[in-house]
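What's in input_29.csv: CSV, C-alpha atoms
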chain,number,residue,atom,x,y,z
B,1,MET,CA,9.8,29.1,33.8
B,2,THR,CA,7.7,28.0,30.8
B,3,THR,CA,9.4,25.6,28.5
B,4,TYR,CA,8.7,25.8,24.8
B,5,THR,CA,9.4,23.1,22.2
B,6,GLU,CA,10.4,24.4,18.8
B,7,PRO,CA,8.5,22.5,16.1
B,8,TYR,CA,10.5,21.0,13.2
B,9,ARG,CA,10.9,23.6,10.4
B,10,ASP,CA,10.1,22.9,6.8
B,11,PHE,CA,12.8,21.0,5.0
B,12,GLU,CA,14.7,20.5,8.3
B,13,ALA,CA,15.0,16.8,7.6
B,14,LEU,CA,16.7,17.3,4.3
B,15,LEU,CA,20.5,16.9,4.2
B,16,SER,CA,21.1,17.0,0.4
B,17,GLU,CA,19.1,16.7,-2.8
B,18,ALA,CA,19.5,16.5,-6.5
B,19,PRO,CA,20.0,19.7,-8.6
B,20,GLY,CA,16.9,21.8,-9.3
B,21,THR,CA,13.7,20.2,-8.2
B,22,LEU,CA,14.5,16.7,-9.3
B,23,SER,CA,14.1,15.3,-5.7
B,24,ARG,CA,10.8,17.0,-5.1
B,25,GLU,CA,7.2,16.4,-6.1
B,26,ASN,CA,4.0,18.2,-5.3
B,27,ILE,CA,1.7,15.5,-3.7
B,28,THR,CA,-1.7,15.2,-2.1
B,29,ILE,CA,-2.0,14.3,1.6
B,30,VAL,CA,-5.2,12.2,2.0
B,31,LEU,CA,-8.2,13.6,3.9
B,32,GLY,CA,-8.1,12.4,7.5
B,33,ALA,CA,-4.4,12.1,7.7
B,34,GLY,CA,-4.4,14.7,10.4
B,35,GLU,CA,-1.6,17.1,11.3
B,36,LEU,CA,1.7,15.9,9.9
B,37,ALA,CA,5.0,17.5,10.8
B,38,ALA,CA,7.7,18.3,8.3
B,39,GLY,CA,9.9,15.3,8.1
B,40,THR,CA,7.1,12.8,8.4
B,41,VAL,CA,7.9,9.5,6.5
B,42,LEU,CA,5.1,8.9,4.0
B,43,GLY,CA,3.5,5.9,2.2
B,44,LYS,CA,1.4,6.1,-0.9
B,45,ILE,CA,-2.2,4.7,-1.1
B,46,THR,CA,-1.9,2.5,-4.2
B,47,THR,CA,-4.5,-0.2,-3.4
B,48,GLY,CA,-8.2,0.1,-2.5
B,49,SER,CA,-9.8,-1.7,0.3
B,50,SER,CA,-12.5,-3.5,-1.7
B,51,ALA,CA,-12.7,-6.1,-4.5
B,52,THR,CA,-15.5,-7.4,-6.7
B,53,ALA,CA,-15.8,-10.8,-8.5
B,54,THR,CA,-17.5,-11.3,-11.8
B,55,ALA,CA,-18.2,-14.7,-13.3
B,56,PHE,CA,-16.8,-15.6,-16.7
B,57,ALA,CA,-19.5,-15.5,-19.4
B,58,GLY,CA,-20.6,-19.1,-20.1
B,59,ASN,CA,-19.7,-20.6,-16.7
B,60,SER,CA,-21.3,-24.0,-16.3
B,61,GLY,CA,-21.0,-23.9,-12.5
B,62,THR,CA,-23.2,-21.5,-10.5
B,63,GLY,CA,-21.2,-21.0,-7.4
B,64,THR,CA,-20.2,-17.6,-6.3
B,65,VAL,CA,-17.2,-15.9,-4.7
B,66,GLY,CA,-18.0,-14.8,-1.1
B,67,THR,CA,-17.0,-11.6,0.6
B,68,ILE,CA,-13.4,-10.7,-0.4
B,69,THR,CA,-11.0,-9.3,2.2
B,70,VAL,CA,-8.2,-7.2,0.9
B,71,SER,CA,-5.0,-7.1,3.0
B,72,ALA,CA,-1.3,-6.3,2.7
B,73,GLY,CA,0.3,-7.8,-0.4
B,74,ALA,CA,-2.7,-7.3,-2.7
B,75,GLN,CA,-2.2,-5.7,-6.1
B,76,HIS,CA,-4.7,-3.4,-7.7
B,77,GLY,CA,-6.0,-4.7,-11.0
B,78,THR,CA,-7.7,-7.8,-12.3
B,79,TYR,CA,-7.0,-11.3,-10.8
B,80,LYS,CA,-8.1,-14.4,-12.8
B,81,LEU,CA,-9.6,-17.3,-10.8
B,82,VAL,CA,-9.8,-20.4,-13.1
B,83,ILE,CA,-11.1,-23.9,-12.3
B,84,ILE,CA,-8.3,-26.3,-13.1
B,85,GLU,CA,-9.6,-29.5,-11.5
B,86,PRO,CA,-13.3,-30.0,-11.5
B,87,ALA,CA,-14.8,-32.4,-8.9
B,88,THR,CA,-18.1,-32.8,-7.2
B,89,ASP,CA,-18.1,-30.3,-4.3
B,90,ALA,CA,-14.3,-30.0,-4.1
B,91,GLY,CA,-12.8,-28.8,-7.3
B,92,LYS,CA,-9.5,-27.0,-7.5
B,93,PHE,CA,-8.9,-23.5,-8.8
B,94,GLN,CA,-5.8,-21.4,-9.6
B,95,LEU,CA,-5.6,-17.6,-8.9
B,96,GLU,CA,-3.4,-15.5,-11.2
B,97,GLY,CA,-2.4,-12.0,-10.1
B,98,PRO,CA,-2.7,-8.8,-12.2
B,99,ASP,CA,1.0,-9.2,-13.0
B,100,GLY,CA,0.4,-12.6,-14.6
B,101,LYS,CA,2.1,-14.5,-11.8
B,102,ILE,CA,0.3,-17.4,-10.0
B,103,VAL,CA,-0.8,-16.4,-6.5
B,104,GLY,CA,-1.7,-20.0,-5.5
B,105,THR,CA,-4.3,-22.7,-5.7
B,106,GLY,CA,-7.4,-23.3,-3.7
B,107,THR,CA,-10.3,-25.7,-3.2
B,108,VAL,CA,-13.9,-24.9,-3.9
B,109,GLY,CA,-15.9,-24.6,-0.7
B,110,ALA,CA,-12.8,-24.0,1.5
B,111,ALA,CA,-11.4,-20.7,2.7
B,112,PHE,CA,-8.6,-19.3,0.5
B,113,SER,CA,-6.1,-16.7,1.7
B,114,LYS,CA,-3.0,-15.8,-0.3
B,115,GLY,CA,-1.4,-12.8,-1.9
B,116,GLY,CA,-3.4,-10.3,0.1
B,117,LEU,CA,-6.9,-11.7,-0.9
B,118,ALA,CA,-9.1,-13.9,1.3
B,119,PHE,CA,-12.4,-15.4,0.2
B,120,THR,CA,-14.4,-18.7,-0.2
B,121,LEU,CA,-15.5,-19.9,-3.6
B,122,ALA,CA,-18.9,-21.5,-2.9
B,123,ASP,CA,-20.2,-24.5,-4.9
B,124,ALA,CA,-23.7,-24.9,-6.3
B,125,THR,CA,-24.0,-26.5,-9.7
B,126,ASP,CA,-20.5,-28.0,-10.1
B,127,PHE,CA,-17.9,-26.0,-12.0
B,128,ILE,CA,-16.0,-27.4,-15.0
B,129,ALA,CA,-12.4,-26.8,-16.1
B,130,GLY,CA,-12.1,-23.3,-17.5
B,131,ASP,CA,-14.9,-21.8,-15.5
B,132,GLY,CA,-13.8,-18.8,-13.5
B,133,PHE,CA,-14.1,-15.3,-12.2
B,134,ASP,CA,-12.4,-11.9,-12.7
B,135,ILE,CA,-11.6,-10.4,-9.3
B,136,VAL,CA,-11.0,-6.7,-9.6
B,137,VAL,CA,-9.1,-5.0,-6.7
B,138,ALA,CA,-9.7,-1.2,-6.9
B,139,ALA,CA,-6.8,1.1,-7.2
B,140,GLY,CA,-6.0,3.4,-4.4
B,141,SER,CA,-6.3,7.2,-4.6
B,142,GLY,CA,-2.7,7.8,-5.2
B,143,SER,CA,-2.6,10.2,-2.2
B,144,TYR,CA,-0.1,10.0,0.6
B,145,THR,CA,-0.4,9.5,4.3
B,146,ALA,CA,2.0,8.7,7.2
B,147,TYR,CA,3.8,5.5,6.7
B,148,ASP,CA,2.6,2.6,8.9
B,149,ASP,CA,3.7,-1.0,8.3
B,150,GLY,CA,0.4,-2.2,9.7
B,151,LEU,CA,-1.6,-0.8,6.8
B,152,ALA,CA,-2.7,-2.8,3.7
B,153,ASN,CA,-3.4,0.0,1.2
B,154,GLY,CA,0.1,0.5,0.0
B,155,ALA,CA,1.1,3.0,2.7
B,156,GLN,CA,2.9,0.2,4.5
B,157,VAL,CA,5.8,0.9,2.2
B,158,ALA,CA,7.8,4.1,2.9
B,159,VAL,CA,8.3,6.1,-0.3
B,160,ALA,CA,8.7,9.8,0.6
B,161,VAL,CA,9.5,12.3,3.2
B,162,LEU,CA,7.2,15.3,3.8
B,163,ALA,CA,9.1,18.5,3.4
B,164,GLN,CA,6.6,20.9,5.1
B,165,SER,CA,4.1,20.6,7.9
B,166,VAL,CA,0.4,20.2,6.9
B,167,ASP,CA,-3.0,19.7,8.4
B,168,ALA,CA,-5.2,17.2,6.5
B,169,THR,CA,-7.7,16.7,9.3
B,170,SER,CA,-10.7,18.1,7.4
B,171,SER,CA,-9.6,18.2,3.8
B,172,ALA,CA,-7.0,16.8,1.5
B,173,VAL,CA,-4.1,19.1,1.1
B,174,SER,CA,-1.2,19.7,-1.4
B,175,ALA,CA,2.3,19.5,-0.1
B,176,THR,CA,5.9,19.2,-1.2
B,177,ALA,CA,7.6,15.9,-0.6
B,178,ILE,CA,11.1,14.5,-1.1
B,179,VAL,CA,10.5,11.4,-3.3
B,180,ARG,CA,14.0,10.5,-4.8
B,181,LEU,CA,17.7,11.2,-4.9
B,182,ALA,CA,18.2,12.7,-1.5
B,183,GLU,CA,19.8,12.3,1.9
B,184,VAL,CA,17.7,12.9,5.0
B,185,LYS,CA,18.5,13.2,8.7
B,186,LYS,CA,17.3,10.2,10.8
B,187,ASP,CA,17.0,12.4,13.9
B,188,ALA,CA,14.7,14.8,12.1
B,189,LEU,CA,12.3,12.2,10.6
B,190,GLN,CA,8.8,12.0,12.1
B,191,TRP,CA,6.7,8.9,12.4
B,192,HIS,CA,3.2,7.6,12.8
B,193,THR,CA,2.6,6.7,16.5
B,194,ASP,CA,2.3,3.0,15.6
B,195,VAL,CA,5.7,2.8,14.0
B,196,ASP,CA,8.2,1.0,16.2
B,197,SER,CA,12.0,0.4,15.8
B,198,THR,CA,11.4,-2.7,13.6
B,199,ALA,CA,9.1,-0.7,11.3
B,200,LYS,CA,11.6,2.2,11.1
B,201,SER,CA,14.3,-0.2,10.0
B,202,LYS,CA,12.0,-1.5,7.2
B,203,ALA,CA,11.2,2.1,6.3
B,204,TYR,CA,14.9,3.0,5.9
B,205,ALA,CA,15.3,0.0,3.5
B,206,ASP,CA,12.1,1.1,1.6
B,207,LEU,CA,13.4,4.6,1.2
B,208,ALA,CA,16.7,3.4,0.0
B,209,LEU,CA,14.9,1.6,-2.9
B,210,VAL,CA,13.8,5.1,-4.2
B,211,ASN,CA,17.3,6.5,-3.5
B,212,ILE,CA,16.4,8.4,-0.3
B,213,VAL,CA,19.2,7.6,2.2
B,214,ALA,CA,18.6,8.2,5.9
B,215,ARG,CA,21.8,9.1,7.7
Since I need it in another form, could you write the structure as structure tokens?
Amino acid sequence: MTTYTEPYRDFEALLSEAPGTLSRENITIVLGAGELAAGTVLGKITTGSSATATAFAGNSGTGTVGTITVSAGAQHGTYKLVIIEPATDAGKFQLEGPDGKIVGTGTVGAAFSKGGLAFTLADATDFIAGDGFDIVVAAGSGSYTAYDDGLANGAQVAVAVLAQSVDATSSAVSATAIVRLAEVKKDALQWHTDVDSTAKSKAYADLALVNIVAR
């Protein structure tokens, strides 16, 4: 006898929601996300994968910022790198995030890795205090994909639950998602293949922050 497995139906993961359409939004699933079943836990792509550095006008030093690696924890927007302690071949700099908070301090000529950015500020003609760079991290597309805590583009945070099955293999697609003020069934939630029990626990906590409670 042939055994058939019934796929999850649209909205099957939804236990309760706010009146009207308050809990729902029309969203875009990013190209390449593949086939996502109804009930898939989603993350939002808020941060790009690249960053560029531009020297302040009037810098005395002629060093440059090397290749910038963007990873989890990075914010999109403009970081400010400012020399705070000039010294021959080993000055100190401070990095301020787009939110105005200090990310950390580093040393000219040494690898720096904090707050989701990694790079080396090379020295040539020595910098003086006040020299610096604007480092711009591109914004993400704002589209959604399956939540995966190993990502670094914003989708490592669970923010929504897909209400209907979609196929975004060859093109981006529009879909309905539950994004706030709802209860969802844990047993009906669907996950990216890389999500383990620890990542699921994190996702439940993430969803609770947007008032989606998994029961």
Taking only residues of region 2-112 of chain B that have an atom at most 8 Å from an atom of region 142-164 of chain B, what is each one's shortest atom pair and its distance in Å to one decimal, using only C-alpha atoms, in chain and number order, as JSON lines?
{"residue": "B:Arg9", "atom": "CA", "partner": "B:Gln164", "partner_atom": "CA", "distance": 7.3}
{"residue": "B:Asp10", "atom": "CA", "partner": "B:Gln164", "partner_atom": "CA", "distance": 4.4}
{"residue": "B:Phe11", "atom": "CA", "partner": "B:Ala163", "partner_atom": "CA", "distance": 4.7}
{"residue": "B:Glu12", "atom": "CA", "partner": "B:Ala163", "partner_atom": "CA", "distance": 7.7}
{"residue": "B:Ala13", "atom": "CA", "partner": "B:Ala163", "partner_atom": "CA", "distance": 7.4}
{"residue": "B:Leu14", "atom": "CA", "partner": "B:Ala163", "partner_atom": "CA", "distance": 7.7}
{"residue": "B:Ile27", "atom": "CA", "partner": "B:Ser143", "partner_atom": "CA", "distance": 7.0}
{"residue": "B:Thr28", "atom": "CA", "partner": "B:Ser143", "partner_atom": "CA", "distance": 5.1}
{"residue": "B:Ile29", "atom": "CA", "partner": "B:Tyr144", "partner_atom": "CA", "distance": 4.8}
{"residue": "B:Val30", "atom": "CA", "partner": "B:Ser143", "partner_atom": "CA", "distance": 5.3}
{"residue": "B:Ala33", "atom": "CA", "partner": "B:Thr145", "partner_atom": "CA", "distance": 5.9}
{"residue": "B:Leu36", "atom": "CA", "partner": "B:Ala146", "partner_atom": "CA", "distance": 7.7}
{"residue": "B:Ala37", "atom": "CA", "partner": "B:Gln164", "partner_atom": "CA", "distance": 6.8}
{"residue": "B:Ala38", "atom": "CA", "partner": "B:Gln164", "partner_atom": "CA", "distance": 4.3}
{"residue": "B:Gly39", "atom": "CA", "partner": "B:Leu162", "partner_atom": "CA", "distance": 5.1}
{"residue": "B:Thr40", "atom": "CA", "partner": "B:Leu162", "partner_atom": "CA", "distance": 5.2}
{"residue": "B:Val41", "atom": "CA", "partner": "B:Val161", "partner_atom": "CA", "distance": 4.6}
{"residue": "B:Leu42", "atom": "CA", "partner": "B:Ala146", "partner_atom": "CA", "distance": 4.5}
{"residue": "B:Gly43", "atom": "CA", "partner": "B:Ala155", "partner_atom": "CA", "distance": 3.8}
{"residue": "B:Lys44", "atom": "CA", "partner": "B:Tyr144", "partner_atom": "CA", "distance": 4.4}
{"residue": "B:Ile45", "atom": "CA", "partner": "B:Gly154", "partner_atom": "CA", "distance": 4.9}
{"residue": "B:Thr46", "atom": "CA", "partner": "B:Gly154", "partner_atom": "CA", "distance": 5.1}
{"residue": "B:Thr47", "atom": "CA", "partner": "B:Asn153", "partner_atom": "CA", "distance": 4.7}
{"residue": "B:Gly48", "atom": "CA", "partner": "B:Asn153", "partner_atom": "CA", "distance": 6.1}
{"residue": "B:Ser49", "atom": "CA", "partner": "B:Asn153", "partner_atom": "CA", "distance": 6.7}
{"residue": "B:Val70", "atom": "CA", "partner": "B:Ala152", "partner_atom": "CA", "distance": 7.6}
{"residue": "B:Ser71", "atom": "CA", "partner": "B:Ala152", "partner_atom": "CA", "distance": 4.9}
{"residue": "B:Ala72", "atom": "CA", "partner": "B:Ala152", "partner_atom": "CA", "distance": 3.9}
{"residue": "B:Gly73", "atom": "CA", "partner": "B:Ala152", "partner_atom": "CA", "distance": 7.1}
{"residue": "B:Ala74", "atom": "CA", "partner": "B:Ala152", "partner_atom": "CA", "distance": 7.8}
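Distances from B:His192, B:Glu35, B:Val184, B:Val213 to Ala172 (chain B) were compared using only C-alpha atoms, and the smallest one belongs to B:Glu35.
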Pick from B:Thr105, B:Ser171, B:Ser165, B:Gly132: nearest to Ala57 (chain B), with all atoms listed in the file counted?
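Closest candidate: B:Gly132.
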With a distance cut-off of 12 Å and only C-alpha atoms, select the neighbouring residues of Asp99 (chain B), excluding the residue or stretch itself and same-chain residues fewer than 2 positions from it, and output the selection as a list in words.
Ala74, Gln75, His76, Gly77, Thr78, Tyr79, Lys80, Leu95, Glu96, Gly97, Lys101, Ile102, Val103 and Gly115 of chain B
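Minimum atom-to-atom distance to Ala122 (chain B), evaluated using all atoms listed in the file, belongs to B:Val65 out of B:Val65, B:Ala139, B:Ile178, B:Ala90.
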Given all atoms listed in the file as the basis, pick out the residue of B:Val137, B:Val173, B:Lys186, B:Leu31 nearest to Thr52 (chain B).
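Going through B:Val137, B:Val173, B:Lys186, B:Leu31 one by one, the smallest distance to Thr52 (chain B) is for B:Val137.
Distance check against Phe93 (chain B) using only C-alpha atoms: of B:Asp131, B:Asn59, B:Gly66, B:Ala199, the minimum falls on B:Asp131.
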Just checking: using all atoms listed in the file, which residue out of B:Thr193, B:Ser201, B:Ser170, B:Asn211 ends up closest to Gly34 (chain B)?
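Of B:Thr193, B:Ser201, B:Ser170, B:Asn211, the one nearest Gly34 (chain B) is B:Ser170, counting all atoms listed in the file.
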As a PyMOL selection string, please: the residues near Glu183 (chain B) (cut-off 6 Å, only C-alpha atoms, same-chain neighbours under 6 positions excluded).
chain B and resi 15-16+212-214
A straight line from CA of Leu81 (chain B) to CA of Thr125 (chain B) spans 17.1 Å
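Our summary of the geometry notes that CA of Lys202 (chain B) is positioned 28.0 Å from CA of Phe112 (chain B).
We find CA of Asn26 (chain B) and CA of Asp194 (chain B) to be spaced 25.9 Å apart.
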